[in-house]
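Here is the structure we will look at.
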Amino acid sequence: MNYSIAIRTLGTSGEKFVRELESIKRQTVQPDKVVIYIAEGYERPRYTIGKEEYVWVKKGMVAQRALSYSEIDSPLLMMLDDDVELEPDSAERMIKAMEEHNLDCIAADTMCDHKRPLAIRIYAAVTNLVFPHWSKKWAFKFHSNGSFSYNQHITRDVYDSQSAAGPASLWKKQVFLDLHIEHELWLDKFGFAYGDDGLTFNKLYKNGYRLGVHYNSGIANLDGRSTSALFQSDNHKFYTRSMASLMIWHRSCYNLDGLSRGKKLWAAATFTFKALWLLPVHMASAIFLRSLKVLTYYVSGTLDGLKAIRSQEYRQLPNYILPR
């Protein structure tokens, strides 16, 4: 099946973007098109491989994904961030895996959670209840409290998944359009769309499509951090993260059409436990960072998240579960 590449960018990734374009030029299976969706107000990078097209769109992590892709006619759409590098046969591997496993989307494992140092995995468990699992089926599980878990025992290249990371993924174009990711543009209002990848991929899974994760795609994340670096440098991130996490949980785990009363109660209970667990964690962070704002941001973000899910604007959003 033919494919095209769609890259979202601010045009500020420099040498990492050059490496990405060069790796695209070397693909054994060449894309029909390479379309780069650059945020309005940003300049087109000077380097070119002579094949890419630029389209200026509204700035935002979700806005630069939730597009009609009318410029692209290919049945498959490879979505890339602007800081990844592909091995020459990466596209070929992804297409082959999608066909062999009858998937609607396959994402490259570019974060390698199962390979991270033990200290980092312990930190993720303490600060966000992100734990390993040893499933023979799932790459990532998306839990009722809004956190995910990752497979610690990888024995093959491709696993089914309930979520994934967003730097590189291959979609059936029509499936992506049918998910109406534009319904999730509310995340961009935070300035940094915290959790947008999880919200997108889990929406695919919860709406009955098949998502896979490829652990041997040959796609590397160069981690340009063009947007996230600014977010991480400001303690206001604790406000954004707590508010966005609550709203993502409510939208993707609790407020689902067809979800039984019992499962709603369980989702509410698990998220409440998570919120209470993170309270002393943020107290400790406030002491370590010598800033009381860390704790007040966490509490105010949670309270404002509760207000937001009761707002008229939020209630008017179409349900996360779409009619099929």
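Chain labels follow the order of the structure tokens: the first chain is A, the next B, and so on; residue numbering restarts at 1 in every chain, and ligands are counted from 1 in their shown order.
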(message) Residues within 12 Å of range 252-264 of chain A, please, as an MDAnalysis selection string. Count only C-alpha atoms; anything in the same chain fewer than 2 positions from it doesn't count.
(response) chainID A and resid 142:148 162:163 184 195:196 198:207 244:250 266:271 309:310 314:315 317:323
Non-local contacts of Ile24 in chain A (12 Å; only C-alpha atoms; under 5 positions in same chain excluded) as a count of residues only:
32
With a distance cut-off of 9 Å and only C-alpha atoms, select the neighbouring residues of range 10-16 of chain A, excluding the residue or stretch itself and same-chain residues fewer than 2 positions from it, and output the selection as JSON, numbers by chain. {"A": [8, 18, 19, 20, 21, 37, 38, 39, 40, 41, 42, 43, 44, 45, 59, 82, 83, 84, 85, 222, 223, 224, 225, 226, 227]}
Residue subset to file, keeping N, CA and C atoms, as a CSV table (one decimal), in the first residue's frame:
chain,number,residue,atom,x,y,z
A,8,ARG,N,4.7,17.4,11.7
A,8,ARG,CA,4.3,18.6,12.3
A,8,ARG,C,5.5,19.3,12.9
A,18,VAL,N,17.1,18.1,9.8
A,18,VAL,CA,17.9,17.8,8.6
A,18,VAL,C,18.2,16.3,8.5
A,19,ARG,N,18.5,15.7,9.7
A,19,ARG,CA,18.7,14.3,9.7
A,19,ARG,C,17.5,13.5,9.4
A,20,GLU,N,16.3,14.0,9.8
A,20,GLU,CA,15.1,13.3,9.5
A,20,GLU,C,14.8,13.4,8.0
A,21,LEU,N,14.9,14.5,7.4
A,21,LEU,CA,14.7,14.6,6.0
A,21,LEU,C,15.6,13.7,5.2
A,37,TYR,N,3.6,20.2,8.0
A,37,TYR,CA,2.6,21.1,8.5
A,37,TYR,C,3.3,22.0,9.5
A,38,ILE,N,3.6,23.2,9.1
A,38,ILE,CA,4.3,24.1,10.0
A,38,ILE,C,3.4,25.2,10.6
A,39,ALA,N,3.7,25.6,11.8
A,39,ALA,CA,2.8,26.5,12.5
A,39,ALA,C,2.8,27.9,11.9
A,40,GLU,N,1.7,28.5,11.8
A,40,GLU,CA,1.6,29.9,11.2
A,40,GLU,C,2.5,30.8,12.0
A,41,GLY,N,3.2,31.7,11.3
A,41,GLY,CA,4.1,32.6,11.9
A,41,GLY,C,5.6,32.2,12.0
A,42,TYR,N,5.8,30.9,11.6
A,42,TYR,CA,7.2,30.4,11.7
A,42,TYR,C,7.7,30.3,10.3
A,43,GLU,N,9.0,30.4,10.2
A,43,GLU,CA,9.7,30.4,8.8
A,43,GLU,C,10.0,29.0,8.4
A,44,ARG,N,9.9,28.8,7.1
A,44,ARG,CA,10.2,27.5,6.5
A,44,ARG,C,11.7,27.3,6.7
A,45,PRO,N,12.1,26.1,7.2
A,45,PRO,CA,13.6,25.8,7.3
A,45,PRO,C,14.2,25.8,5.9
A,59,LYS,N,-1.1,26.9,15.0
A,59,LYS,CA,-0.1,26.3,15.9
A,59,LYS,C,-0.8,25.5,17.0
A,82,ASP,N,9.2,16.3,14.3
A,82,ASP,CA,10.3,16.8,13.5
A,82,ASP,C,11.6,16.5,14.1
A,83,ASP,N,11.7,15.5,14.9
A,83,ASP,CA,13.0,15.1,15.6
A,83,ASP,C,13.2,13.6,15.6
A,84,VAL,N,12.8,12.9,14.6
A,84,VAL,CA,13.0,11.5,14.5
A,84,VAL,C,13.9,11.2,13.3
A,85,GLU,N,14.6,10.0,13.4
A,85,GLU,CA,15.4,9.6,12.3
A,85,GLU,C,15.1,8.1,12.0
A,222,LEU,N,15.2,11.7,18.3
A,222,LEU,CA,16.3,12.5,18.6
A,222,LEU,C,16.0,13.6,19.7
A,223,ASP,N,14.8,13.7,20.1
A,223,ASP,CA,14.3,14.5,21.2
A,223,ASP,C,14.7,15.9,21.1
A,224,GLY,N,14.1,16.6,20.1
A,224,GLY,CA,14.4,18.0,19.8
A,224,GLY,C,13.8,18.9,20.9
A,225,ARG,N,12.7,18.5,21.6
A,225,ARG,CA,12.1,19.2,22.7
A,225,ARG,C,11.9,20.7,22.4
A,226,SER,N,11.5,21.0,21.1
A,226,SER,CA,11.3,22.3,20.7
A,226,SER,C,10.1,23.0,21.5
A,227,THR,N,9.1,22.2,21.9
A,227,THR,CA,8.0,22.7,22.6
A,227,THR,C,8.0,22.4,24.1
Please extract the residues of range 233-311 of chain A with a backbone DSSP assignment of helix (DSSP H, G or I) and present them as an NGL selection string.
:A and (237-254 or 261-289 or 293-308)
With a distance cut-off of 12 Å and only C-alpha atoms, select the neighbouring residues of His101 in chain A, excluding the residue or stretch itself and same-chain residues fewer than 4 positions from it, and output the selection as a PyMOL selection string. chain A and resi 94-97+105-106+157-160+210-214
Check the smallest atom-to-atom distance from each of A:His180, A:Lys237, A:His153, A:Lys307 to Phe192 in chain A using only C-alpha atoms, then report the winner.
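So, comparing all the options, the nearest one is A:Lys237.
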Subject >> Coordinates-based distance that separates CA of Gly166 in chain A from CA of Ser242 in chain A (Å, one decimal) >> reply: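 Computing the Euclidean distance for CA of Ser242 in chain A and CA of Gly166 in chain A yields 20.7 Å.
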